[in-house]
Amino acid sequence: MIAQQTLNGLVLGGVYALFALGFTLIFGIHRIMNMAHGAVFMAGAFVGLYTVRLGMPIWVALPVAMVGAGLVSIFVEVIAFKPLRKLALADAELASVISSIGASLIILSVGQYVSKTETMRFPFGTVSVDAIVVMGLRVTMLQLLMLGVALGMVVLLAYYLYRTPQGRQIRAVAGNYRAAQLLGVNPNAIFYQTFFLSGALAGAAGVMVGLAFNSIQFMMGEPFLLKAFVAIILGGLGSIPGALVGGLVLGLLQSLSGAYLEPTLVDAMIFSLLFVILMVRPDGLFVQSLPESATKRV
Amino acid sequence: MMDLIAPHLPLLDLIFIGTGYALSQAIVFRAGTFSVATSGFAALGAYCTAILTVKAGWHPAMGVLCGTLLGLFAGLLLSAPLARLRGVYQAIASLAFVEILVALILFFEDLTGGPLGFHNIPRAVTPWILFFAMVATMALLIVLSKGGIGRAFDAMRQDTPVAASLGVNPTKYHVLSFALSGAIAGLFGGLDALRNFSLDAHQFGFSILIATLSAVVLGGRRAVWGPLVGVTILVLLPEIFRPLAQYRQAVYGLLLVLVMAFLPFGVYDTIAMKLHSRRLARAGMLKPKAGS
């Protein structure tokens, strides 16, 4: 039982990690919170669902959903964040939260209009319902797919960020925006790239969650974003390995406690945990130096 | 005249209550704290009032008073942990606070009605009571903001270390702003409960939070009049342009994006700043000529 719940938790955690990675990527580079990330996630699930309904197999729908969500994410960047770059950082912080909430509401109402406020589901058999039994554990094809996608995405993202020239440029902009610009990096191209990457990760997570919980509706992103904050803060806002570990921990926590406790109580516990982490280690588990959040106004 | 107003009285109620929430949100912004805890305080006030009035049979006024005190108390409690954080971290922590409350309200079903909501609350407030509550709150805040407290808040928002070096005690004013915010939100939460017949925990988690934030940002977060302007625009806009009412969410979203891009300080504050600098220019105090 425990082993089975651990496995389920790891699978769920992989999806949380995908979602958290996209959010933290943007924060690490732009120092802003993208509150529309949940809406982008929903858009990914929608695009995936409609592609499947057109008769495409899931391995076509997944990349299509990722590209779609990536484009929605670029839309968020263009309408919500780009106009704010002229502001001073302290003002931009509040402004970008508000205007990304605005962008999120716009995407949500498009989603509501398209879905007519219905809860939709992937057609039966989109992913084979067979399960294999390994050492007494039941592993469904869907779980294998989810684990595979999460692992694959993380490896690809790490490769892109740490082994390619584009990734080096992204890290340069994250480290020092002005210096990177002086060295000939085009910041706009970097912004579009990071928002696309972030959106694509959220889109993949959206399709996975849509498949796993068999429920796709326009508000699906909001609770996911709220919970993903735990993963993001636990690992440290802006830290990529942190988001990965945080996502897995969150998935395990939710799956293990969900097996024994009421779901609303689990929510209360998860958000209490978030509050406690913010009090004790606001910059996550992996920061050794003095936390930035305690020393200067971000 | 009354015939003209009467059908729109529910809208006035919404404006009065919404302004109360927005004032509670604006005061923490003014003191330089990026907290979104207002809807949590409002939830406490609303449920406290509803439970005391319906389940314990108290007089509604006593219920509202207790709701206000509970909000005040929650504000005091929350101010200490939030003082340790900055910027977006405060926002996330206060969001966590709101979500914990919503989850707890949903969990304690026999007390709060849980996911089904709290129903059969007597309608004990009239529009006049709401109006007076709003005016009294605004008057209190105007008096406070004209005095040293308002200046201390402004100084803290702009630069806390400098404010501290000038003799403003940041802890004291931080706690004060949260106490005010909590009490105001508790008061209007209680009034909202007595106006609305029923309560739903989910509305405090998202819709009130978004509506309040939008109103404050749209209207302006420095002057006391800003929240009133913001709420009035947000409530009336879908009514004036009837076709828009169906797309209320999208209109809210578009407004937020546009206001942030073009009027980052909100409608009221931007106009006030323009008028102020024009007055200065007319008095010859702006752009002094070289050599003068």
# chains A, B, ... in the order shown; residues from 1 in each chain; ligands from 1
call {"tool": "residues_around", "arguments": {"residues": "segment 133-141 of chain B", "least_positions_apart": "6", "cutoff": "9 Å", "atoms": "only C-alpha atoms", "output": "PyMOL selection string"}}
result
chain B and resi 16-17+19-20+23+27+150+184+187-188+224-225
call {"tool": "residues_around", "arguments": {"residues": "Glu262 of chain A", "least_positions_apart": "6", "cutoff": "12 Å", "atoms": "only C-alpha atoms", "output": "list in words"}}
result
Gln254, Ser255, Leu256, Ala268 and Met269 of chain A; Ala103, Leu104, Leu106, Phe107 and Phe108 of chain B
call {"tool": "closest_residue", "arguments": {"among": "A:Ala88, A:Ile26, A:Val207, A:Met219", "to": "Gly238 of chain A", "atoms": "only C-alpha atoms"}}
result
A:Ile26
call {"tool": "closest_atom_pairs", "arguments": {"of": "chain B", "to": "chain A", "cutoff": "6 Å", "atoms": "only C-alpha atoms", "output": "JSON lines"}}
result
{"residue": "B:Arg86", "atom": "CA", "partner": "A:Ser293", "partner_atom": "CA", "distance": 5.8}
{"residue": "B:Ala93", "atom": "CA", "partner": "A:Phe275", "partner_atom": "CA", "distance": 5.5}
{"residue": "B:Ala96", "atom": "CA", "partner": "A:Phe271", "partner_atom": "CA", "distance": 5.2}
{"residue": "B:Ile100", "atom": "CA", "partner": "A:Ala268", "partner_atom": "CA", "distance": 4.8}
{"residue": "B:Ala103", "atom": "CA", "partner": "A:Ala268", "partner_atom": "CA", "distance": 5.2}
{"residue": "B:Phe107", "atom": "CA", "partner": "A:Thr264", "partner_atom": "CA", "distance": 5.8}
{"residue": "B:Gln249", "atom": "CA", "partner": "A:Leu105", "partner_atom": "CA", "distance": 5.9}
{"residue": "B:Ala250", "atom": "CA", "partner": "A:Ile106", "partner_atom": "CA", "distance": 4.6}
{"residue": "B:Gly253", "atom": "CA", "partner": "A:Gly102", "partner_atom": "CA", "distance": 3.6}
{"residue": "B:Leu256", "atom": "CA", "partner": "A:Gly102", "partner_atom": "CA", "distance": 5.1}
{"residue": "B:Val257", "atom": "CA", "partner": "A:Ser99", "partner_atom": "CA", "distance": 4.6}
{"residue": "B:Ala261", "atom": "CA", "partner": "A:Pro83", "partner_atom": "CA", "distance": 5.3}
call {"tool": "closest_residue", "arguments": {"among": "B:Ala272, B:Leu213, B:Ala152, B:Ala283", "to": "Asn169 of chain B", "atoms": "only C-alpha atoms"}}
result
B:Ala152
call {"tool": "select_by_dssp", "arguments": {"residues": "segment 45-282 of chain A", "states": "strand (DSSP E or B)", "output": "list of chain:residue names"}}
result
A:Met120, A:Ala131, A:Ile132, A:Val133, A:Val134, A:Leu137, A:Arg138, A:Val139, A:Thr140, A:Ile216
call {"tool": "write_last_selection", "arguments": {"atoms": "N, CA and C atoms", "output": "short mmCIF file (atom, residue, chain, number, x, y, z; two decimals), in the first residue's frame"}}
result
data_model
loop_
_atom_site.label_atom_id
_atom_site.label_comp_id
_atom_site.auth_asym_id
_atom_site.auth_seq_id
_atom_site.Cartn_x
_atom_site.Cartn_y
_atom_site.Cartn_z
N MET A 120 -14.67 18.44 -19.42
CA MET A 120 -14.47 17.53 -20.56
C MET A 120 -13.47 16.45 -20.17
N ALA A 131 -2.13 -2.34 -17.52
CA ALA A 131 -1.19 -2.08 -16.46
C ALA A 131 -0.21 -3.25 -16.40
N ILE A 132 1.00 -2.97 -16.00
CA ILE A 132 1.94 -4.05 -15.80
C ILE A 132 2.25 -4.14 -14.31
N VAL A 133 2.58 -5.31 -13.85
CA VAL A 133 2.86 -5.49 -12.44
C VAL A 133 4.34 -5.77 -12.27
N VAL A 134 5.01 -4.85 -11.57
CA VAL A 134 6.44 -5.01 -11.33
C VAL A 134 6.63 -5.15 -9.83
N LEU A 137 3.88 -4.08 -7.67
CA LEU A 137 3.32 -2.74 -7.85
C LEU A 137 2.58 -2.69 -9.18
N ARG A 138 1.39 -2.07 -9.16
CA ARG A 138 0.63 -1.92 -10.38
C ARG A 138 1.05 -0.61 -11.05
N VAL A 139 1.60 -0.72 -12.25
CA VAL A 139 2.01 0.48 -12.98
C VAL A 139 1.17 0.56 -14.24
N THR A 140 0.38 1.61 -14.37
CA THR A 140 -0.41 1.73 -15.59
C THR A 140 0.45 2.35 -16.69
N ILE A 216 -11.11 17.94 -17.51
CA ILE A 216 -10.50 19.14 -18.08
C ILE A 216 -11.55 20.23 -18.09
#
call {"tool": "atom_distance", "arguments": {"atom1": "atom CA of Ser94 of chain B", "atom2": "atom CA of Tyr47 of chain B"}}
result
19.0 Å
call {"tool": "residues_around", "arguments": {"residues": "Gln90 of chain B", "least_positions_apart": "3", "cutoff": "9 Å", "atoms": "only C-alpha atoms", "output": "JSON, numbers by chain"}}
result
{"A": [278], "B": [33, 34, 35, 36, 82, 83, 84, 85, 86, 87, 93, 94, 95]}
call {"tool": "write_last_selection", "arguments": {"atoms": "C-alpha atoms", "output": "PDB file, in the first residue's frame"}}
result
ATOM      1  CA  LEU A 278       8.282  30.806   4.056  1.00  0.00           C
TER       2      LEU A 278
ATOM      3  CA  THR B  33       3.321  45.408   2.311  1.00  0.00           C
ATOM      4  CA  PHE B  34       2.453  43.195  -0.610  1.00  0.00           C
ATOM      5  CA  SER B  35      -0.187  41.189   1.233  1.00  0.00           C
ATOM      6  CA  VAL B  36      -3.408  39.861  -0.250  1.00  0.00           C
ATOM      7  CA  LEU B  82       4.750  38.779   7.156  1.00  0.00           C
ATOM      8  CA  ALA B  83       7.125  41.397   8.545  1.00  0.00           C
ATOM      9  CA  ARG B  84       9.947  38.901   8.046  1.00  0.00           C
ATOM     10  CA  LEU B  85       9.327  38.690   4.317  1.00  0.00           C
ATOM     11  CA  ARG B  86       9.543  41.006   1.336  1.00  0.00           C
ATOM     12  CA  GLY B  87       7.703  41.539  -1.904  1.00  0.00           C
ATOM     13  CA  ALA B  93       2.540  33.783   2.293  1.00  0.00           C
ATOM     14  CA  SER B  94      -0.664  35.792   2.540  1.00  0.00           C
ATOM     15  CA  LEU B  95      -2.161  33.721  -0.281  1.00  0.00           C
TER      16      LEU B  95
END
call {"tool": "closest_atom_pairs", "arguments": {"of": "segment 147-231 of chain A", "to": "segment 35-40 of chain A", "cutoff": "10 Å", "atoms": "only C-alpha atoms", "output": "Markdown table"}}
result
| residue | atom | partner | partner_atom | distance |
| --- | --- | --- | --- | --- |
| A:Phe195 | CA | A:His37 | CA | 10.0 |
| A:Ser198 | CA | A:His37 | CA | 8.4 |
| A:Gly199 | CA | A:Val40 | CA | 6.2 |
| A:Ala200 | CA | A:Val40 | CA | 8.8 |
| A:Leu201 | CA | A:Val40 | CA | 9.7 |
| A:Ala202 | CA | A:Val40 | CA | 6.5 |
| A:Gly203 | CA | A:Val40 | CA | 6.8 |
| A:Gly206 | CA | A:Val40 | CA | 8.5 |
| A:Phe218 | CA | A:Ala39 | CA | 8.0 |
| A:Met219 | CA | A:Ala39 | CA | 7.9 |
| A:Met220 | CA | A:Gly38 | CA | 7.7 |
| A:Gly221 | CA | A:Gly38 | CA | 4.0 |
| A:Glu222 | CA | A:Gly38 | CA | 5.5 |
| A:Pro223 | CA | A:Gly38 | CA | 8.2 |
| A:Phe224 | CA | A:Gly38 | CA | 6.8 |
| A:Leu225 | CA | A:Gly38 | CA | 5.3 |
| A:Leu226 | CA | A:Gly38 | CA | 8.7 |
| A:Ala228 | CA | A:Gly38 | CA | 9.6 |
call {"tool": "write_last_selection", "arguments": {"atoms": "N, CA and C atoms", "output": "PDB file, in the first residue's frame"}}
result
ATOM      1  N   PHE A 195       9.604  32.335 -22.217  1.00  0.00           N
ATOM      2  CA  PHE A 195       8.155  32.200 -22.042  1.00  0.00           C
ATOM      3  C   PHE A 195       7.635  31.009 -22.846  1.00  0.00           C
ATOM      4  N   SER A 198       8.627  27.890 -20.888  1.00  0.00           N
ATOM      5  CA  SER A 198       7.816  27.772 -19.684  1.00  0.00           C
ATOM      6  C   SER A 198       6.406  27.310 -20.032  1.00  0.00           C
ATOM      7  N   GLY A 199       5.843  27.913 -21.096  1.00  0.00           N
ATOM      8  CA  GLY A 199       4.499  27.531 -21.507  1.00  0.00           C
ATOM      9  C   GLY A 199       4.451  26.095 -21.984  1.00  0.00           C
ATOM     10  N   ALA A 200       5.486  25.663 -22.727  1.00  0.00           N
ATOM     11  CA  ALA A 200       5.490  24.297 -23.243  1.00  0.00           C
ATOM     12  C   ALA A 200       5.514  23.292 -22.089  1.00  0.00           C
ATOM     13  N   LEU A 201       6.303  23.598 -21.043  1.00  0.00           N
ATOM     14  CA  LEU A 201       6.340  22.706 -19.881  1.00  0.00           C
ATOM     15  C   LEU A 201       4.970  22.649 -19.211  1.00  0.00           C
ATOM     16  N   ALA A 202       4.349  23.829 -19.058  1.00  0.00           N
ATOM     17  CA  ALA A 202       3.016  23.863 -18.443  1.00  0.00           C
ATOM     18  C   ALA A 202       2.025  23.093 -19.309  1.00  0.00           C
ATOM     19  N   GLY A 203       2.158  23.222 -20.638  1.00  0.00           N
ATOM     20  CA  GLY A 203       1.243  22.524 -21.537  1.00  0.00           C
ATOM     21  C   GLY A 203       1.375  21.020 -21.386  1.00  0.00           C
ATOM     22  N   GLY A 206      -0.280  20.061 -18.340  1.00  0.00           N
ATOM     23  CA  GLY A 206      -1.735  20.134 -18.498  1.00  0.00           C
ATOM     24  C   GLY A 206      -2.300  18.875 -19.127  1.00  0.00           C
ATOM     25  N   PHE A 218     -12.124  24.813 -17.478  1.00  0.00           N
ATOM     26  CA  PHE A 218     -11.354  26.047 -17.629  1.00  0.00           C
ATOM     27  C   PHE A 218     -10.728  26.533 -16.335  1.00  0.00           C
ATOM     28  N   MET A 219     -11.208  26.064 -15.158  1.00  0.00           N
ATOM     29  CA  MET A 219     -10.624  26.531 -13.899  1.00  0.00           C
ATOM     30  C   MET A 219      -9.552  25.581 -13.361  1.00  0.00           C
ATOM     31  N   MET A 220      -9.142  24.586 -14.137  1.00  0.00           N
ATOM     32  CA  MET A 220      -8.256  23.552 -13.602  1.00  0.00           C
ATOM     33  C   MET A 220      -6.895  24.077 -13.178  1.00  0.00           C
ATOM     34  N   GLY A 221      -6.486  25.216 -13.701  1.00  0.00           N
ATOM     35  CA  GLY A 221      -5.148  25.706 -13.425  1.00  0.00           C
ATOM     36  C   GLY A 221      -4.986  26.362 -12.069  1.00  0.00           C
ATOM     37  N   GLU A 222      -6.080  26.927 -11.560  1.00  0.00           N
ATOM     38  CA  GLU A 222      -5.954  27.753 -10.357  1.00  0.00           C
ATOM     39  C   GLU A 222      -5.506  26.954  -9.130  1.00  0.00           C
ATOM     40  N   PRO A 223      -6.214  25.842  -8.781  1.00  0.00           N
ATOM     41  CA  PRO A 223      -5.732  25.068  -7.621  1.00  0.00           C
ATOM     42  C   PRO A 223      -4.335  24.499  -7.859  1.00  0.00           C
ATOM     43  N   PHE A 224      -4.044  24.167  -9.101  1.00  0.00           N
ATOM     44  CA  PHE A 224      -2.731  23.610  -9.405  1.00  0.00           C
ATOM     45  C   PHE A 224      -1.636  24.646  -9.167  1.00  0.00           C
ATOM     46  N   LEU A 225      -1.888  25.875  -9.601  1.00  0.00           N
ATOM     47  CA  LEU A 225      -0.901  26.943  -9.399  1.00  0.00           C
ATOM     48  C   LEU A 225      -0.692  27.185  -7.908  1.00  0.00           C
ATOM     49  N   LEU A 226      -1.800  27.232  -7.159  1.00  0.00           N
ATOM     50  CA  LEU A 226      -1.679  27.501  -5.727  1.00  0.00           C
ATOM     51  C   LEU A 226      -0.842  26.426  -5.051  1.00  0.00           C
ATOM     52  N   ALA A 228       1.281  24.395  -6.517  1.00  0.00           N
ATOM     53  CA  ALA A 228       2.645  24.361  -7.037  1.00  0.00           C
ATOM     54  C   ALA A 228       3.536  25.371  -6.316  1.00  0.00           C
TER      55      ALA A 228
END
call {"tool": "atom_distance", "arguments": {"atom1": "atom CA of Ala259 of chain A", "atom2": "atom CA of Val11 of chain A"}}
result
15.1 Å
call {"tool": "atom_distance", "arguments": {"atom1": "atom CA of Leu65 of chain B", "atom2": "atom CA of Arg221 of chain B"}}
result
26.9 Å
call {"tool": "select_by_dssp", "arguments": {"residues": "segment 101-166 of chain A", "states": "helix (DSSP H, G or I)", "output": "PyMOL selection string"}}
result
chain A and resi 101-115+141-163+165-166
call {"tool": "write_last_selection", "arguments": {"atoms": "C-alpha atoms", "output": "CSV table (one decimal), in the first residue's frame"}}
result
chain,number,residue,atom,x,y,z
A,101,ILE,CA,-3.8,38.0,-13.2
A,102,GLY,CA,-5.5,40.1,-15.9
A,103,ALA,CA,-4.0,38.0,-18.7
A,104,SER,CA,-5.0,34.9,-16.8
A,105,LEU,CA,-8.6,36.1,-16.6
A,106,ILE,CA,-8.7,36.7,-20.3
A,107,ILE,CA,-7.4,33.2,-21.1
A,108,LEU,CA,-9.8,31.7,-18.6
A,109,SER,CA,-12.8,33.4,-20.2
A,110,VAL,CA,-11.7,32.2,-23.6
A,111,GLY,CA,-11.4,28.7,-22.1
A,112,GLN,CA,-14.8,29.1,-20.5
A,113,TYR,CA,-16.3,30.2,-23.9
A,114,VAL,CA,-14.7,27.4,-25.8
A,115,SER,CA,-15.7,24.7,-23.3
A,141,MET,CA,0.7,2.8,-19.1
A,142,LEU,CA,-0.5,6.3,-18.2
A,143,GLN,CA,1.8,6.4,-15.2
A,144,LEU,CA,4.7,5.2,-17.3
A,145,LEU,CA,3.9,7.9,-19.9
A,146,MET,CA,3.7,10.6,-17.2
A,147,LEU,CA,7.0,9.6,-15.7
A,148,GLY,CA,8.6,9.3,-19.1
A,149,VAL,CA,7.4,12.7,-20.2
A,150,ALA,CA,8.4,14.4,-17.0
A,151,LEU,CA,11.9,12.8,-17.1
A,152,GLY,CA,12.3,13.6,-20.8
A,153,MET,CA,11.3,17.2,-20.4
A,154,VAL,CA,13.6,17.8,-17.5
A,155,VAL,CA,16.6,16.3,-19.3
A,156,LEU,CA,15.8,18.3,-22.4
A,157,LEU,CA,15.5,21.5,-20.5
A,158,ALA,CA,18.7,20.9,-18.6
A,159,TYR,CA,20.5,20.2,-21.8
A,160,TYR,CA,19.1,23.3,-23.4
A,161,LEU,CA,19.9,25.6,-20.6
A,162,TYR,CA,23.4,24.2,-19.7
A,163,ARG,CA,24.8,22.8,-22.9
A,165,PRO,CA,24.6,28.6,-26.7
A,166,GLN,CA,21.0,29.7,-26.4
call {"tool": "residues_around", "arguments": {"residues": "Val60 of chain A", "least_positions_apart": "2", "cutoff": "12 Å", "atoms": "only C-alpha atoms", "output": "list in words"}}
result
Val47, Gly48, Leu49, Tyr50, Thr51, Val52, Arg53, Leu54, Gly55, Met56, Pro57, Ile58, Leu62, Pro63, Val64, Ala65, Met66, Val67, Thr126, Ala204 and Val207 of chain A
